[in-house]
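To keep things clear, I will list the structure first and then write my remarks on it.
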Amino acid sequence: MDAIDRNILAELQMSGRLSMTELATKVGLTVAPTHRRVRDLEQSGIIVGYRALIDPAALGLGFEALVFVTMKQEDRTTLLAFEEAVAAVPEVLLAQRLFGDPDYLLRVRTADLDAYARLQDDVLTTLPGVQRQTSTLVMKNVVADRAYPTRHVSAP
């Protein structure tokens, strides 16, 4: 990946709806090589998809919580069962396995505190292998859905 590919990635992260002509102009190429590079970035798995960023409040999802999960045990079967179950909960926007304690971090969005309480009581507490859950309520998002840095980052 060279500087032009990094510029393409930066531009597409800012606006995934750019036409190839607009993108080519922004990165200083003609349309054909820009299209080839985008296709190569997609086929290599560097670009994994495109999506619209939506204001959660517009969908009635104004409440956010971070949930820290500690597992009873950490054997493969338990962890896979937990991960499969948590992936099926639509209110869980992010689930990350962590080193140390806690074992997982979940980012959850619901309509309000009452909806979160119902989700916690009816769904999250029933996930396989959970010993303890601790919730922290999000007061304000300061940085959200930031694009990945593409400049001044060395490639692996």
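Every chain in the structure tokens has a letter given in the order shown (A, B, ...), and although residue numbers restart at 1 in each chain, ligands are simply numbered from 1 in the order shown.
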Closest pair table for range 99-140 of chain A residues within 10 Å of range 40-57 of chain A, only C-alpha atoms, as a tab-separated table:
```
residue	atom	partner	partner_atom	distance
A:Arg109	CA	A:Pro56	CA	8.2
A:Thr110	CA	A:Pro56	CA	9.2
A:Ala111	CA	A:Ala57	CA	8.3
```
Subject >> Spatial neighbours of Thr34 in chain A, max dist 10 Å, only C-alpha atoms, sep filter under 3 positions, as a list of chain:residue names >> reply: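 Here the answer would be A:Ile4, A:Asp5, A:Ile8, A:Met20, A:Thr21, A:Leu23, A:Ala24, A:Thr25, A:Val27, A:Gly28, A:Leu29, A:Thr30, A:Val31, A:Arg37, A:Val38, A:Arg39, A:Asp40.
The space separating CA of Val92 in chain A from CA of Gln13 in chain A comes to 23.0 Å.
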Give me the residues of range 93-114 of chain A that have any atom at most 12 Å from an atom of range 59-65 of chain A; for each, the nearest atom pair and the distance in Å, rounded to one decimal. Use only C-alpha atoms, sort by chain and number, and format it as JSON lines.
```
{"residue": "A:Leu93", "atom": "CA", "partner": "A:Glu64", "partner_atom": "CA", "distance": 9.9}
{"residue": "A:Leu94", "atom": "CA", "partner": "A:Ala65", "partner_atom": "CA", "distance": 10.9}
{"residue": "A:Leu105", "atom": "CA", "partner": "A:Ala65", "partner_atom": "CA", "distance": 10.3}
{"residue": "A:Leu106", "atom": "CA", "partner": "A:Ala65", "partner_atom": "CA", "distance": 8.1}
{"residue": "A:Arg107", "atom": "CA", "partner": "A:Ala65", "partner_atom": "CA", "distance": 6.0}
{"residue": "A:Val108", "atom": "CA", "partner": "A:Ala65", "partner_atom": "CA", "distance": 5.3}
{"residue": "A:Arg109", "atom": "CA", "partner": "A:Glu64", "partner_atom": "CA", "distance": 4.6}
{"residue": "A:Thr110", "atom": "CA", "partner": "A:Leu61", "partner_atom": "CA", "distance": 4.9}
{"residue": "A:Ala111", "atom": "CA", "partner": "A:Leu61", "partner_atom": "CA", "distance": 4.2}
{"residue": "A:Asp112", "atom": "CA", "partner": "A:Phe63", "partner_atom": "CA", "distance": 4.9}
{"residue": "A:Leu113", "atom": "CA", "partner": "A:Phe63", "partner_atom": "CA", "distance": 6.7}
{"residue": "A:Asp114", "atom": "CA", "partner": "A:Phe63", "partner_atom": "CA", "distance": 9.7}
```
Those residues with all heavy atoms, as a compact mmCIF listing (two decimals), in the first residue's frame please?
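Full text of out.txt as output:
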```txt
# COMPACT_ATOMS: atom_id res chain seq x y z
N LEU A 93 -23.69 -2.97 19.95
CA LEU A 93 -23.07 -2.39 18.76
C LEU A 93 -21.61 -2.77 18.63
O LEU A 93 -21.05 -2.73 17.54
CB LEU A 93 -23.17 -0.86 18.81
CG LEU A 93 -24.57 -0.28 18.96
CD1 LEU A 93 -24.49 1.22 18.98
CD2 LEU A 93 -25.48 -0.78 17.87
N LEU A 94 -20.99 -3.12 19.75
CA LEU A 94 -19.57 -3.46 19.78
C LEU A 94 -19.37 -4.47 20.89
O LEU A 94 -19.91 -4.31 21.99
CB LEU A 94 -18.75 -2.19 20.07
CG LEU A 94 -17.26 -2.36 20.30
CD1 LEU A 94 -16.56 -2.59 18.96
CD2 LEU A 94 -16.68 -1.15 20.99
N LEU A 105 -15.79 -6.08 26.74
CA LEU A 105 -16.40 -4.76 26.77
C LEU A 105 -17.50 -4.76 25.72
O LEU A 105 -17.25 -5.12 24.56
CB LEU A 105 -15.39 -3.66 26.45
CG LEU A 105 -15.96 -2.27 26.16
CD1 LEU A 105 -16.67 -1.71 27.39
CD2 LEU A 105 -14.87 -1.34 25.67
N LEU A 106 -18.71 -4.37 26.11
CA LEU A 106 -19.84 -4.26 25.19
C LEU A 106 -20.27 -2.80 25.13
O LEU A 106 -20.35 -2.13 26.16
CB LEU A 106 -21.03 -5.10 25.66
CG LEU A 106 -20.77 -6.55 26.07
CD1 LEU A 106 -22.07 -7.20 26.52
CD2 LEU A 106 -20.12 -7.32 24.94
N ARG A 107 -20.59 -2.34 23.95
CA ARG A 107 -21.19 -1.02 23.77
C ARG A 107 -22.63 -1.26 23.36
O ARG A 107 -22.89 -1.93 22.35
CB ARG A 107 -20.44 -0.24 22.70
CG ARG A 107 -20.97 1.15 22.50
CD ARG A 107 -20.06 1.92 21.53
NE ARG A 107 -20.82 2.99 20.94
CZ ARG A 107 -20.82 3.31 19.67
NH1 ARG A 107 -20.08 2.63 18.82
NH2 ARG A 107 -21.55 4.30 19.23
N VAL A 108 -23.55 -0.73 24.13
CA VAL A 108 -24.98 -1.03 23.98
C VAL A 108 -25.76 0.26 23.77
O VAL A 108 -25.51 1.26 24.44
CB VAL A 108 -25.50 -1.77 25.24
CG1 VAL A 108 -26.98 -2.01 25.16
CG2 VAL A 108 -24.74 -3.07 25.45
N ARG A 109 -26.73 0.23 22.85
CA ARG A 109 -27.62 1.37 22.60
C ARG A 109 -29.06 0.92 22.76
O ARG A 109 -29.47 -0.10 22.20
CB ARG A 109 -27.46 1.88 21.17
CG ARG A 109 -26.37 2.86 20.96
CD ARG A 109 -26.82 4.25 21.31
NE ARG A 109 -25.76 5.20 20.99
CZ ARG A 109 -25.87 6.48 21.19
NH1 ARG A 109 -26.98 6.99 21.66
NH2 ARG A 109 -24.87 7.28 20.91
N THR A 110 -29.82 1.70 23.53
CA THR A 110 -31.26 1.47 23.68
C THR A 110 -31.98 2.82 23.65
O THR A 110 -31.34 3.87 23.60
CB THR A 110 -31.60 0.75 25.01
OG1 THR A 110 -31.18 1.56 26.10
CG2 THR A 110 -30.93 -0.62 25.08
N ALA A 111 -33.30 2.77 23.74
CA ALA A 111 -34.09 4.00 23.71
C ALA A 111 -33.87 4.85 24.96
O ALA A 111 -33.74 6.07 24.87
CB ALA A 111 -35.57 3.67 23.55
N ASP A 112 -33.85 4.19 26.12
CA ASP A 112 -33.74 4.94 27.37
C ASP A 112 -33.30 4.00 28.48
O ASP A 112 -33.02 2.81 28.24
CB ASP A 112 -35.09 5.59 27.71
CG ASP A 112 -36.25 4.61 27.72
OD1 ASP A 112 -36.05 3.41 28.01
OD2 ASP A 112 -37.38 5.04 27.40
N LEU A 113 -33.22 4.51 29.69
CA LEU A 113 -32.77 3.71 30.83
C LEU A 113 -33.68 2.52 31.09
O LEU A 113 -33.20 1.42 31.38
CB LEU A 113 -32.67 4.59 32.09
CG LEU A 113 -32.22 3.89 33.37
CD1 LEU A 113 -30.84 3.27 33.21
CD2 LEU A 113 -32.25 4.86 34.53
N ASP A 114 -34.99 2.71 30.96
CA ASP A 114 -35.91 1.59 31.18
C ASP A 114 -35.68 0.47 30.17
O ASP A 114 -35.69 -0.71 30.52
CB ASP A 114 -37.37 2.06 31.10
CG ASP A 114 -37.78 2.93 32.29
OD1 ASP A 114 -37.12 2.83 33.35
OD2 ASP A 114 -38.75 3.70 32.15
```
Original post:
Can you list, as a ChimeraX atom specification, every residue of chain A that DSSP puts in alpha helix (DSSP H)?
Top reply: /A:3-14,20-27,31-43,76-87,113-122
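Between CA of Pro102 in chain A and CA of Met71 in chain A lies a distance of 7.9 Å.
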Original post:
Can you list, as a ChimeraX atom specification, every residue of range 38-154 of chain A that DSSP puts in strand (DSSP E or B)?
Top reply: /A:63-71,92-97,104-110,130-137
Subject >> Non-local contacts of Ala81 in chain A (12 Å; only C-alpha atoms; under 6 positions in same chain excluded) as JSON, numbers by chain >> reply: {"A": [71, 73, 74, 75, 87, 88, 126, 127, 128, 129, 130]}
Just to be explicit: take each residue in the selection above, keep C-alpha atoms, and write the result as a compact mmCIF listing (two decimals), in the first residue's frame.
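Once written, result31.txt looks like this:
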```txt
# COMPACT_ATOMS: atom_id res chain seq x y z
CA MET A 71 -16.62 -14.64 32.74
CA GLN A 73 -14.45 -19.54 33.26
CA GLU A 74 -12.47 -18.94 30.12
CA ASP A 75 -12.49 -22.26 28.33
CA ALA A 87 -23.38 -11.29 18.54
CA ALA A 88 -27.09 -12.09 18.20
CA THR A 126 -28.69 -14.70 30.56
CA LEU A 127 -25.65 -14.77 28.28
CA PRO A 128 -23.67 -18.01 28.70
CA GLY A 129 -20.77 -18.12 31.15
CA VAL A 130 -21.18 -14.66 32.67
```
Subject >> Atom-to-atom span, CA of Gln131 in chain A and CA of Asp101 in chain A, Å >> reply: 11.8 Å
